[in-house]
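Below is structure-v5.cif, which holds mmCIF, C-alpha atoms.
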```
data_run
loop_
_atom_site.group_PDB
_atom_site.id
_atom_site.type_symbol
_atom_site.label_atom_id
_atom_site.label_comp_id
_atom_site.auth_asym_id
_atom_site.auth_seq_id
_atom_site.Cartn_x
_atom_site.Cartn_y
_atom_site.Cartn_z
ATOM 1 C CA MET V 648 148.056 98.478 101.670
ATOM 2 C CA SER V 649 145.685 100.989 100.088
ATOM 3 C CA GLY V 650 144.491 98.274 97.670
ATOM 4 C CA ILE V 651 143.456 96.046 100.582
ATOM 5 C CA ILE V 652 141.615 98.917 102.253
ATOM 6 C CA ASP V 653 139.835 99.726 98.972
ATOM 7 C CA ARG V 654 138.686 96.098 98.617
ATOM 8 C CA ILE V 655 137.436 96.031 102.204
ATOM 9 C CA LEU V 656 135.547 99.289 101.698
ATOM 10 C CA ARG V 657 134.027 97.997 98.446
ATOM 11 C CA LYS V 658 132.859 94.804 100.178
ATOM 12 C CA LYS V 659 131.300 96.853 102.988
ATOM 13 C CA SER V 660 129.603 99.092 100.437
ATOM 14 C CA VAL V 661 128.175 96.064 98.577
ATOM 15 C CA ARG V 662 126.919 94.525 101.837
ATOM 16 C CA ASN V 663 125.332 97.821 102.841
ATOM 17 C CA GLU V 664 123.639 98.109 99.422
ATOM 18 C CA GLU V 665 122.324 94.533 99.758
ATOM 19 C CA ALA V 666 120.991 95.278 103.250
ATOM 20 C CA LEU V 667 119.199 98.386 101.987
ATOM 21 C CA ALA V 668 117.744 96.427 99.054
ATOM 22 C CA LEU V 669 116.405 93.856 101.521
ATOM 23 C CA SER V 670 114.847 96.620 103.637
ATOM 24 C CA ASP V 671 113.232 97.999 100.474
ATOM 25 C CA ARG V 672 111.509 94.630 99.964
ATOM 26 C CA LEU V 673 110.617 94.261 103.647
ATOM 27 C CA SER V 674 109.126 97.743 103.875
ATOM 28 C CA PHE V 675 107.090 97.107 100.751
ATOM 29 C CA GLY V 676 105.865 93.781 102.188
ATOM 30 C CA ASN V 677 105.024 95.337 105.577
ATOM 31 C CA SER V 678 102.707 97.789 103.842
ATOM 32 C CA GLN V 679 101.342 95.355 101.290
ATOM 33 C CA ILE V 680 99.971 93.088 104.027
ATOM 34 C CA ASP V 681 99.042 95.353 106.931
ATOM 35 C CA HIS V 682 98.905 93.307 110.143
ATOM 36 C CA PHE V 683 96.829 95.869 112.031
ATOM 37 C CA LEU V 684 94.174 95.919 109.323
ATOM 38 C CA MET V 685 94.201 92.151 108.879
ATOM 39 C CA GLU V 686 93.760 91.538 112.628
ATOM 40 C CA GLY V 687 90.842 93.970 112.685
ATOM 41 C CA ILE V 688 89.165 92.300 109.710
ATOM 42 C CA LEU V 689 89.527 88.836 111.242
ATOM 43 C CA ALA V 690 88.160 90.050 114.570
ATOM 44 C CA GLU V 691 85.080 91.509 112.866
ATOM 45 C CA GLU V 692 83.996 88.045 111.710
ATOM 46 C CA ALA V 693 83.779 88.782 107.987
ATOM 47 C CA VAL V 694 81.726 92.002 108.195
ATOM 48 C CA LEU V 695 84.194 93.709 105.838
ATOM 49 C CA GLU V 696 85.635 90.565 104.335
ATOM 50 C CA SER V 697 84.528 91.175 100.733
ATOM 51 C CA GLU V 698 85.761 94.778 100.739
ATOM 52 C CA TYR V 699 89.024 93.717 102.314
ATOM 53 C CA ARG V 700 89.483 90.960 99.724
ATOM 54 C CA ILE V 701 89.079 93.475 96.870
ATOM 55 C CA PHE V 702 91.461 95.934 98.543
ATOM 56 C CA GLN V 703 94.031 93.259 99.333
ATOM 57 C CA LYS V 704 93.935 91.954 95.768
ATOM 58 C CA LYS V 705 94.851 95.440 94.517
ATOM 59 C CA MET V 706 97.692 95.590 97.038
ATOM 60 C CA LEU V 707 99.033 92.170 96.038
ATOM 61 C CA LEU V 708 99.117 93.165 92.366
ATOM 62 C CA LEU V 709 101.685 95.863 93.187
ATOM 63 C CA GLU V 710 105.341 95.000 92.715
ATOM 64 C CA PRO V 711 108.496 96.433 94.272
ATOM 65 C CA GLY V 712 110.990 97.941 91.881
ATOM 66 C CA THR V 713 108.255 99.585 89.787
ATOM 67 C CA TYR V 714 106.743 103.071 89.634
ATOM 68 C CA GLN V 715 103.147 104.267 89.432
ATOM 69 C CA GLU V 716 101.275 107.566 89.346
ATOM 70 C CA ILE V 717 100.897 109.084 92.785
ATOM 71 C CA LYS V 718 97.139 109.140 92.144
ATOM 72 C CA VAL V 719 97.075 105.319 92.383
ATOM 73 C CA GLU V 720 98.734 105.502 95.807
ATOM 74 C CA LEU V 721 96.267 108.127 97.022
ATOM 75 C CA ASP V 722 93.293 106.038 95.867
ATOM 76 C CA LEU V 723 94.640 103.042 97.800
ATOM 77 C CA LEU V 724 95.163 105.203 100.886
ATOM 78 C CA ASN V 725 91.555 106.396 100.723
ATOM 79 C CA GLN V 726 90.320 102.803 100.537
ATOM 80 C CA TYR V 727 92.553 101.932 103.485
ATOM 81 C CA PHE V 728 91.098 104.810 105.530
ATOM 82 C CA GLU V 729 87.549 103.741 104.743
ATOM 83 C CA MET V 730 88.172 100.248 106.096
ATOM 84 C CA VAL V 731 90.036 101.471 109.174
ATOM 85 C CA ASN V 732 87.200 103.896 109.913
ATOM 86 C CA ARG V 733 84.646 101.092 109.823
ATOM 87 C CA LEU V 734 86.822 98.826 111.965
ATOM 88 C CA MET V 735 87.426 101.282 114.816
ATOM 89 C CA PRO V 736 84.682 100.720 117.422
ATOM 90 C CA ALA V 737 85.500 103.956 119.256
ATOM 91 C CA GLY V 738 85.628 105.962 116.054
ATOM 92 C CA PHE V 739 88.446 107.116 113.850
ATOM 93 C CA SER V 740 89.322 110.746 113.300
ATOM 94 C CA LEU V 741 91.306 111.874 110.285
ATOM 95 C CA LYS V 742 92.124 115.253 108.787
ATOM 96 C CA TRP V 743 93.486 114.826 105.265
ATOM 97 C CA GLU V 744 94.822 117.796 103.286
ATOM 98 C CA ASN V 745 96.015 117.258 99.723
ATOM 99 C CA ARG V 746 97.639 120.261 98.077
ATOM 100 C CA PHE V 747 99.675 118.283 95.615
ATOM 101 C CA GLN V 748 99.720 119.693 92.116
ATOM 102 C CA SER V 749 99.600 117.547 88.975
ATOM 103 C CA GLU V 750 98.956 114.121 90.487
ATOM 104 C CA ASN V 751 99.240 112.502 87.061
ATOM 105 C CA GLU V 752 102.736 113.854 86.470
ATOM 106 C CA LEU V 753 104.613 112.250 89.379
ATOM 107 C CA MET V 754 105.579 108.588 89.389
ATOM 108 C CA ILE V 755 106.526 107.029 92.726
ATOM 109 C CA PRO V 756 107.399 103.535 93.979
ATOM 110 C CA PRO V 757 104.229 101.764 95.166
ATOM 111 C CA LEU V 758 103.336 101.925 98.869
ATOM 112 C CA LEU V 759 105.814 104.723 99.511
ATOM 113 C CA LEU V 760 103.322 106.774 101.549
ATOM 114 C CA PHE V 761 101.831 103.880 103.500
ATOM 115 C CA PRO V 762 104.337 103.236 106.331
ATOM 116 C CA MET V 763 103.993 106.679 107.937
ATOM 117 C CA VAL V 764 100.193 106.394 107.796
ATOM 118 C CA GLN V 765 100.138 102.790 109.025
ATOM 119 C CA ASN V 766 102.375 103.708 111.954
ATOM 120 C CA ALA V 767 100.006 106.512 112.981
ATOM 121 C CA VAL V 768 96.908 104.299 112.627
ATOM 122 C CA ALA V 769 98.354 101.385 114.594
ATOM 123 C CA ASN V 770 100.179 103.329 117.310
ATOM 124 C CA GLY V 771 98.268 106.559 117.897
ATOM 125 C CA TYR V 772 95.132 107.587 119.765
ATOM 126 C CA ASN V 773 92.876 108.462 116.855
ATOM 127 C CA SER V 774 89.323 108.319 118.142
ATOM 128 C CA MET V 775 88.986 111.922 119.386
ATOM 129 C CA SER V 776 87.921 114.580 116.880
ATOM 130 C CA SER V 777 90.128 117.053 118.756
ATOM 131 C CA HIS V 778 93.189 114.871 118.090
ATOM 132 C CA PRO V 779 92.840 113.353 114.616
ATOM 133 C CA ILE V 780 95.548 111.866 112.494
ATOM 134 C CA ARG V 781 96.632 114.839 110.413
ATOM 135 C CA ILE V 782 97.991 114.199 106.941
ATOM 136 C CA ARG V 783 99.313 116.849 104.592
ATOM 137 C CA LEU V 784 100.588 116.256 101.082
ATOM 138 C CA SER V 785 102.022 119.028 98.949
ATOM 139 C CA GLY V 786 104.588 119.551 96.262
ATOM 140 C CA SER V 787 105.149 119.253 92.540
ATOM 141 C CA PRO V 788 106.691 116.759 90.116
ATOM 142 C CA LYS V 789 110.105 117.930 91.398
ATOM 143 C CA VAL V 790 109.633 117.786 95.166
ATOM 144 C CA MET V 791 107.102 116.134 97.466
ATOM 145 C CA LEU V 792 106.350 116.941 101.096
ATOM 146 C CA PHE V 793 104.340 114.427 103.125
ATOM 147 C CA GLU V 794 103.550 114.953 106.801
ATOM 148 C CA VAL V 795 101.691 112.631 109.185
ATOM 149 C CA SER V 796 101.038 113.459 112.830
ATOM 150 C CA HIS V 797 99.063 111.675 115.534
ATOM 151 C CA ARG V 798 98.257 111.812 119.227
ATOM 152 C CA MET V 799 100.986 110.093 121.240
ATOM 153 C CA ASN V 800 100.320 106.719 122.829
ATOM 154 C CA HIS V 801 102.035 107.020 126.220
ATOM 155 C CA TYR V 802 102.051 103.259 126.682
ATOM 156 C CA LEU V 803 104.532 102.827 123.838
ATOM 157 C CA ASP V 804 108.247 103.237 124.362
ATOM 158 C CA GLY V 805 109.242 105.085 121.225
ATOM 159 C CA GLN V 806 106.552 105.911 118.687
ATOM 160 C CA PHE V 807 108.833 105.297 115.725
ATOM 161 C CA LYS V 808 110.925 102.414 117.068
ATOM 162 C CA ASN V 809 109.392 99.539 115.187
ATOM 163 C CA THR V 810 110.155 97.356 112.176
ATOM 164 C CA LEU V 811 107.679 99.224 109.991
ATOM 165 C CA MET V 812 109.506 102.537 110.380
ATOM 166 C CA THR V 813 113.050 101.134 110.503
ATOM 167 C CA ASP V 814 112.619 99.280 107.224
ATOM 168 C CA PHE V 815 110.928 102.347 105.749
ATOM 169 C CA GLN V 816 113.894 104.556 106.642
ATOM 170 C CA ASN V 817 116.228 102.094 104.951
ATOM 171 C CA ARG V 818 113.920 101.870 101.932
ATOM 172 C CA LEU V 819 114.139 105.628 101.503
ATOM 173 C CA GLU V 820 117.923 105.454 101.711
ATOM 174 C CA TYR V 821 117.913 102.756 99.038
ATOM 175 C CA LEU V 822 115.475 104.491 96.669
ATOM 176 C CA PHE V 823 116.422 108.139 97.188
ATOM 177 C CA PRO V 824 119.983 108.370 98.514
ATOM 178 C CA GLU V 825 120.862 111.986 99.299
ATOM 179 C CA ARG V 826 117.534 113.102 97.785
ATOM 180 C CA HIS V 827 115.263 112.747 100.811
ATOM 181 C CA SER V 828 114.868 113.689 104.445
ATOM 182 C CA LEU V 829 112.672 112.025 107.058
ATOM 183 C CA LEU V 830 112.211 113.922 110.306
ATOM 184 C CA LEU V 831 110.641 112.055 113.220
ATOM 185 C CA ASN V 832 109.620 114.270 116.146
ATOM 186 C CA SER V 833 107.548 113.731 119.253
ATOM 187 C CA ASN V 834 106.663 115.700 122.351
ATOM 188 C CA SER V 835 104.398 114.871 125.283
ATOM 189 C CA ASN V 836 101.277 114.990 123.086
ATOM 190 C CA THR V 837 102.047 114.662 119.382
ATOM 191 C CA CYS V 838 104.194 112.532 117.087
ATOM 192 C CA ARG V 839 105.045 113.898 113.670
ATOM 193 C CA ALA V 840 106.792 112.330 110.690
ATOM 194 C CA THR V 841 107.790 114.659 107.849
ATOM 195 C CA LEU V 842 109.098 113.285 104.564
ATOM 196 C CA THR V 843 110.643 115.360 101.793
ATOM 197 C CA ILE V 844 111.730 113.775 98.513
ATOM 198 C CA HIS V 845 113.438 115.492 95.592
ATOM 199 C CA PHE V 846 112.825 113.826 92.238
#
```
Now that the file is in, can you turn its structure into C-alpha coordinates?
Amino acid sequence: MSGIIDRILRKKSVRNEEALALSDRLSFGNSQIDHFLMEGILAEEAVLESEYRIFQKKMLLLEPGTYQEIKVELDLLNQYFEMVNRLMPAGFSLKWENRFQSENELMIPPLLLFPMVQNAVANGYNSMSSHPIRIRLSGSPKVMLFEVSHRMNHYLDGQFKNTLMTDFQNRLEYLFPERHSLLLNSNSNTCRATLTIHF
(Lines of atoms letter the chains of each structure in order from A and count residues from 1; the text may use other names and numbers.)
(Lines give C-alpha, C1' and ligand atoms only; values in the text may rest on other atoms or scores of the structure.)
Protein backbone atom coordinates (compact mmCIF):
# COMPACT_ATOMS: atom_id res chain seq x y z
CA MET A 1 0.00 0.00 0.00
CA SER A 2 2.80 2.42 0.87
CA GLY A 3 4.39 1.74 -2.55
CA ILE A 4 1.20 2.86 -4.32
CA ILE A 5 1.02 6.01 -2.21
CA ASP A 6 4.69 6.76 -2.96
CA ARG A 7 4.07 6.42 -6.71
CA ILE A 8 1.02 8.69 -6.52
CA LEU A 9 2.98 11.29 -4.56
CA ARG A 10 5.87 11.11 -7.05
CA LYS A 11 3.48 11.62 -9.97
CA LYS A 12 1.92 14.62 -8.22
CA SER A 13 5.37 16.03 -7.52
CA VAL A 14 6.39 15.64 -11.19
CA ARG A 15 3.17 17.30 -12.37
CA ASN A 16 3.68 20.15 -9.92
CA GLU A 17 7.28 20.61 -11.12
CA GLU A 18 6.08 20.66 -14.75
CA ALA A 19 3.41 23.24 -13.91
CA LEU A 20 5.99 25.46 -12.20
CA ALA A 21 8.36 25.10 -15.17
CA LEU A 22 5.54 26.22 -17.47
CA SER A 23 4.85 29.23 -15.24
CA ASP A 24 8.56 30.07 -15.39
CA ARG A 25 8.29 30.27 -19.19
CA LEU A 26 4.98 32.15 -19.10
CA SER A 27 6.25 34.73 -16.61
CA PHE A 28 9.35 35.26 -18.71
CA GLY A 29 7.20 35.68 -21.84
CA ASN A 30 4.79 38.08 -20.10
CA SER A 31 7.70 40.38 -19.29
CA GLN A 32 9.54 39.90 -22.56
CA ILE A 33 6.58 41.24 -24.54
CA ASP A 34 4.86 43.80 -22.32
CA HIS A 35 1.27 44.29 -23.48
CA PHE A 36 0.83 47.61 -21.69
CA LEU A 37 3.92 49.07 -23.36
CA MET A 38 3.07 47.61 -26.76
CA GLU A 39 -0.47 49.04 -26.67
CA GLY A 40 0.92 52.45 -25.75
CA ILE A 41 3.46 52.37 -28.57
CA LEU A 42 0.83 51.38 -31.14
CA ALA A 43 -1.52 54.10 -29.93
CA GLU A 44 1.20 56.74 -30.31
CA GLU A 45 1.35 56.13 -34.07
CA ALA A 46 5.06 55.34 -34.32
CA VAL A 47 6.38 58.31 -32.31
CA LEU A 48 8.57 55.94 -30.27
CA GLU A 49 8.60 53.10 -32.75
CA SER A 50 12.35 53.08 -33.46
CA GLU A 51 13.26 53.23 -29.77
CA TYR A 52 10.75 50.52 -28.98
CA ARG A 53 12.12 48.32 -31.78
CA ILE A 54 15.66 48.58 -30.35
CA PHE A 55 14.41 47.88 -26.82
CA GLN A 56 12.24 44.97 -27.92
CA LYS A 57 15.11 43.43 -29.87
CA LYS A 58 17.20 43.39 -26.69
CA MET A 59 14.32 41.78 -24.81
CA LEU A 60 13.81 39.10 -27.47
CA LEU A 61 17.50 38.15 -27.36
CA LEU A 62 17.07 37.08 -23.72
CA GLU A 63 16.42 33.42 -23.04
CA PRO A 64 14.77 31.65 -20.11
CA GLY A 65 16.92 29.17 -18.24
CA THR A 66 19.98 31.44 -18.40
CA TYR A 67 21.61 33.91 -16.00
CA GLN A 68 22.97 37.41 -16.51
CA GLU A 69 24.55 40.15 -14.42
CA ILE A 70 21.98 42.14 -12.50
CA LYS A 71 23.41 45.26 -14.18
CA VAL A 72 21.94 44.09 -17.51
CA GLU A 73 18.49 43.83 -15.91
CA LEU A 74 18.78 47.30 -14.38
CA ASP A 75 19.81 48.82 -17.73
CA LEU A 76 16.75 47.26 -19.38
CA LEU A 77 14.51 48.56 -16.59
CA ASN A 78 15.85 52.08 -17.10
CA GLN A 79 15.10 51.88 -20.82
CA TYR A 80 11.62 50.60 -20.01
CA PHE A 81 11.01 53.54 -17.65
CA GLU A 82 12.15 56.04 -20.26
CA MET A 83 9.62 54.75 -22.78
CA VAL A 84 6.79 54.55 -20.25
CA ASN A 85 7.53 58.11 -19.15
CA ARG A 86 7.25 59.38 -22.72
CA LEU A 87 4.06 57.40 -23.33
CA MET A 88 2.12 58.65 -20.30
CA PRO A 89 0.14 61.74 -21.39
CA ALA A 90 -0.65 62.73 -17.80
CA GLY A 91 2.92 62.24 -16.67
CA PHE A 92 4.71 59.42 -14.94
CA SER A 93 6.22 59.71 -11.49
CA LEU A 94 8.93 57.34 -10.31
CA LYS A 95 11.24 57.28 -7.32
CA TRP A 96 14.04 54.76 -7.88
CA GLU A 97 16.54 53.94 -5.13
CA ASN A 98 19.37 51.53 -5.87
CA ARG A 99 21.52 50.57 -2.89
CA PHE A 100 22.68 47.29 -4.31
CA GLN A 101 26.35 46.57 -3.80
CA SER A 102 28.55 44.90 -6.42
CA GLU A 103 26.18 44.80 -9.38
CA ASN A 104 28.73 42.87 -11.43
CA GLU A 105 28.95 40.05 -8.89
CA LEU A 106 25.34 38.82 -8.88
CA MET A 107 23.91 36.73 -11.69
CA ILE A 108 20.12 36.47 -11.94
CA PRO A 109 17.63 34.93 -14.38
CA PRO A 110 16.65 37.51 -17.02
CA LEU A 111 13.49 39.58 -16.46
CA LEU A 112 13.29 38.57 -12.81
CA LEU A 113 12.64 42.14 -11.62
CA PHE A 114 10.22 43.11 -14.37
CA PRO A 115 6.86 41.62 -13.27
CA MET A 116 6.59 43.63 -10.04
CA VAL A 117 7.46 46.83 -11.92
CA GLN A 118 5.15 46.06 -14.85
CA ASN A 119 2.28 45.38 -12.47
CA ALA A 120 2.78 48.76 -10.78
CA VAL A 121 3.05 50.61 -14.11
CA ALA A 122 -0.03 49.00 -15.64
CA ASN A 123 -2.28 48.96 -12.57
CA GLY A 124 -1.34 51.94 -10.41
CA TYR A 125 -2.03 55.66 -10.43
CA ASN A 126 1.43 56.98 -11.24
CA SER A 127 0.97 60.49 -12.58
CA MET A 128 1.10 62.42 -9.29
CA SER A 129 4.51 63.43 -7.94
CA SER A 130 3.12 62.96 -4.42
CA HIS A 131 2.34 59.30 -5.20
CA PRO A 132 5.10 57.93 -7.43
CA ILE A 133 5.97 54.34 -8.05
CA ARG A 134 8.62 53.71 -5.43
CA ILE A 135 11.30 51.14 -6.17
CA ARG A 136 14.05 50.10 -3.78
CA LEU A 137 16.80 47.61 -4.52
CA SER A 138 19.36 46.59 -1.94
CA GLY A 139 21.43 43.62 -0.97
CA SER A 140 24.63 41.79 -1.80
CA PRO A 141 25.69 38.78 -3.87
CA LYS A 142 24.16 36.60 -1.12
CA VAL A 143 20.75 38.21 -0.63
CA MET A 144 18.65 40.64 -2.66
CA LEU A 145 15.75 42.78 -1.48
CA PHE A 146 13.49 44.37 -4.11
CA GLU A 147 10.47 46.46 -3.19
CA VAL A 148 7.92 48.10 -5.50
CA SER A 149 4.99 50.17 -4.26
CA HIS A 150 2.35 52.19 -6.08
CA ARG A 151 -0.82 54.18 -5.50
CA MET A 152 -3.84 51.86 -5.43
CA ASN A 153 -6.26 51.82 -8.34
CA HIS A 154 -9.65 51.54 -6.61
CA TYR A 155 -11.32 50.40 -9.82
CA LEU A 156 -9.40 47.13 -9.77
CA ASP A 157 -10.56 44.17 -7.72
CA GLY A 158 -7.28 42.89 -6.35
CA GLN A 159 -4.09 44.69 -7.31
CA PHE A 160 -2.07 41.49 -7.53
CA LYS A 161 -4.72 39.12 -8.89
CA ASN A 162 -3.60 38.86 -12.48
CA THR A 163 -1.72 36.45 -14.73
CA LEU A 164 1.44 38.53 -14.60
CA MET A 165 1.78 38.18 -10.83
CA THR A 166 0.43 34.63 -10.54
CA ASP A 167 2.92 33.29 -13.06
CA PHE A 168 5.66 35.33 -11.39
CA GLN A 169 4.92 33.77 -8.00
CA ASN A 170 5.14 30.32 -9.55
CA ARG A 171 8.35 31.27 -11.37
CA LEU A 172 9.93 32.21 -8.07
CA GLU A 173 8.86 28.90 -6.58
CA TYR A 174 10.42 27.10 -9.53
CA LEU A 175 13.71 29.05 -9.55
CA PHE A 176 14.23 29.63 -5.82
CA PRO A 177 12.31 27.02 -3.83
CA GLU A 178 12.59 27.73 -0.11
CA ARG A 179 15.07 30.54 -0.86
CA HIS A 180 12.67 33.42 -1.47
CA SER A 181 9.74 35.30 -0.03
CA LEU A 182 7.27 37.53 -1.85
CA LEU A 183 5.01 39.66 0.32
CA LEU A 184 2.06 41.37 -1.36
CA ASN A 185 0.33 43.99 0.80
CA SER A 186 -2.25 46.67 0.12
CA ASN A 187 -4.25 49.14 2.14
CA SER A 188 -6.72 51.83 1.09
CA ASN A 189 -3.98 53.88 -0.60
CA THR A 190 -0.85 51.86 -1.36
CA CYS A 191 0.08 48.49 -2.82
CA ARG A 192 3.48 47.07 -2.00
CA ALA A 193 5.32 44.01 -3.28
CA THR A 194 8.48 42.98 -1.43
CA LEU A 195 10.76 40.27 -2.79
CA THR A 196 13.65 38.70 -0.91
CA ILE A 197 15.90 36.12 -2.56
CA HIS A 198 18.77 34.23 -0.96
CA PHE A 199 21.44 33.09 -3.41
For Arg783 in chain V, the nearest of the candidates V:Thr841, V:Met754, V:Val731, V:Arg798, counting only C-alpha atoms:
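For Arg783 in chain V, the nearest of the given residues is V:Thr841.
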If we count only C-alpha atoms, what is near Val719 in chain V at a cut-off of 12 Å, once residues fewer than 3 positions away on the same chain are taken out, given as a list in words?
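Here the answer would be Lys705, Met706, Leu709, Tyr714, Gln715, Glu716, Asp722, Leu723, Leu724, Asn725, Gln726, Glu750, Asn751, Glu752, Leu753, Met754, Ile755, Pro756, Pro757, Leu758, Leu759 and Leu760 of chain V.
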Residue subset to file, keeping C-alpha atoms, as a tab-separated table (two decimals), in the frame of the given file:
```tsv
chain	number	residue	atom	x	y	z
V	705	LYS	CA	94.85	95.44	94.52
V	706	MET	CA	97.69	95.59	97.04
V	709	LEU	CA	101.68	95.86	93.19
V	714	TYR	CA	106.74	103.07	89.63
V	715	GLN	CA	103.15	104.27	89.43
V	716	GLU	CA	101.28	107.57	89.35
V	722	ASP	CA	93.29	106.04	95.87
V	723	LEU	CA	94.64	103.04	97.80
V	724	LEU	CA	95.16	105.20	100.89
V	725	ASN	CA	91.56	106.40	100.72
V	726	GLN	CA	90.32	102.80	100.54
V	750	GLU	CA	98.96	114.12	90.49
V	751	ASN	CA	99.24	112.50	87.06
V	752	GLU	CA	102.74	113.85	86.47
V	753	LEU	CA	104.61	112.25	89.38
V	754	MET	CA	105.58	108.59	89.39
V	755	ILE	CA	106.53	107.03	92.73
V	756	PRO	CA	107.40	103.54	93.98
V	757	PRO	CA	104.23	101.76	95.17
V	758	LEU	CA	103.34	101.92	98.87
V	759	LEU	CA	105.81	104.72	99.51
V	760	LEU	CA	103.32	106.77	101.55
```
So how far away is CA of Glu720 in chain V from CA of Ile680 in chain V, in Å?
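Between these atoms lies a distance of 14.9 Å.
Matched in the shown structure by the PyMOL selection byres ((chain V and resi 679) around 10): V:Leu673, V:Ser674, V:Phe675, V:Gly676, V:Asn677, V:Ser678, V:Ile680, V:Asp681, V:His682, V:Gln703, V:Lys704, V:Lys705, V:Met706, V:Leu707, V:Leu708, V:Leu709, V:Glu710, V:Pro757, V:Leu758, V:Phe761, V:Pro762.
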Residues in the PyMOL selection byres ((chain V and resi 812) around 12), expressed as a ChimeraX atom specification
/V:670-671,673-675,677-678,759-767,769-770,805-811,813-819,829-831,840
Separation of CA of Leu734 in chain V from CA of Gly771 in chain V, in Å and rounded to one decimal
15.0 Å
Rounded to one decimal in Å, what is the spacing between CA of Gly738 in chain V and CA of Leu689 in chain V?
18.2 Å
For range 825-844 of chain V, take all atoms listed in the file, fit an axis-aligned box around them, add 5 Å to each of the six sides, then output centre and edge lengths in Å rounded to one decimal, as AutoDock Vina command-line options.
```
--center_x 111.1 --center_y 113.8 --center_z 111.5 --size_x 29.6 --size_y 13.7 --size_z 37.5
```
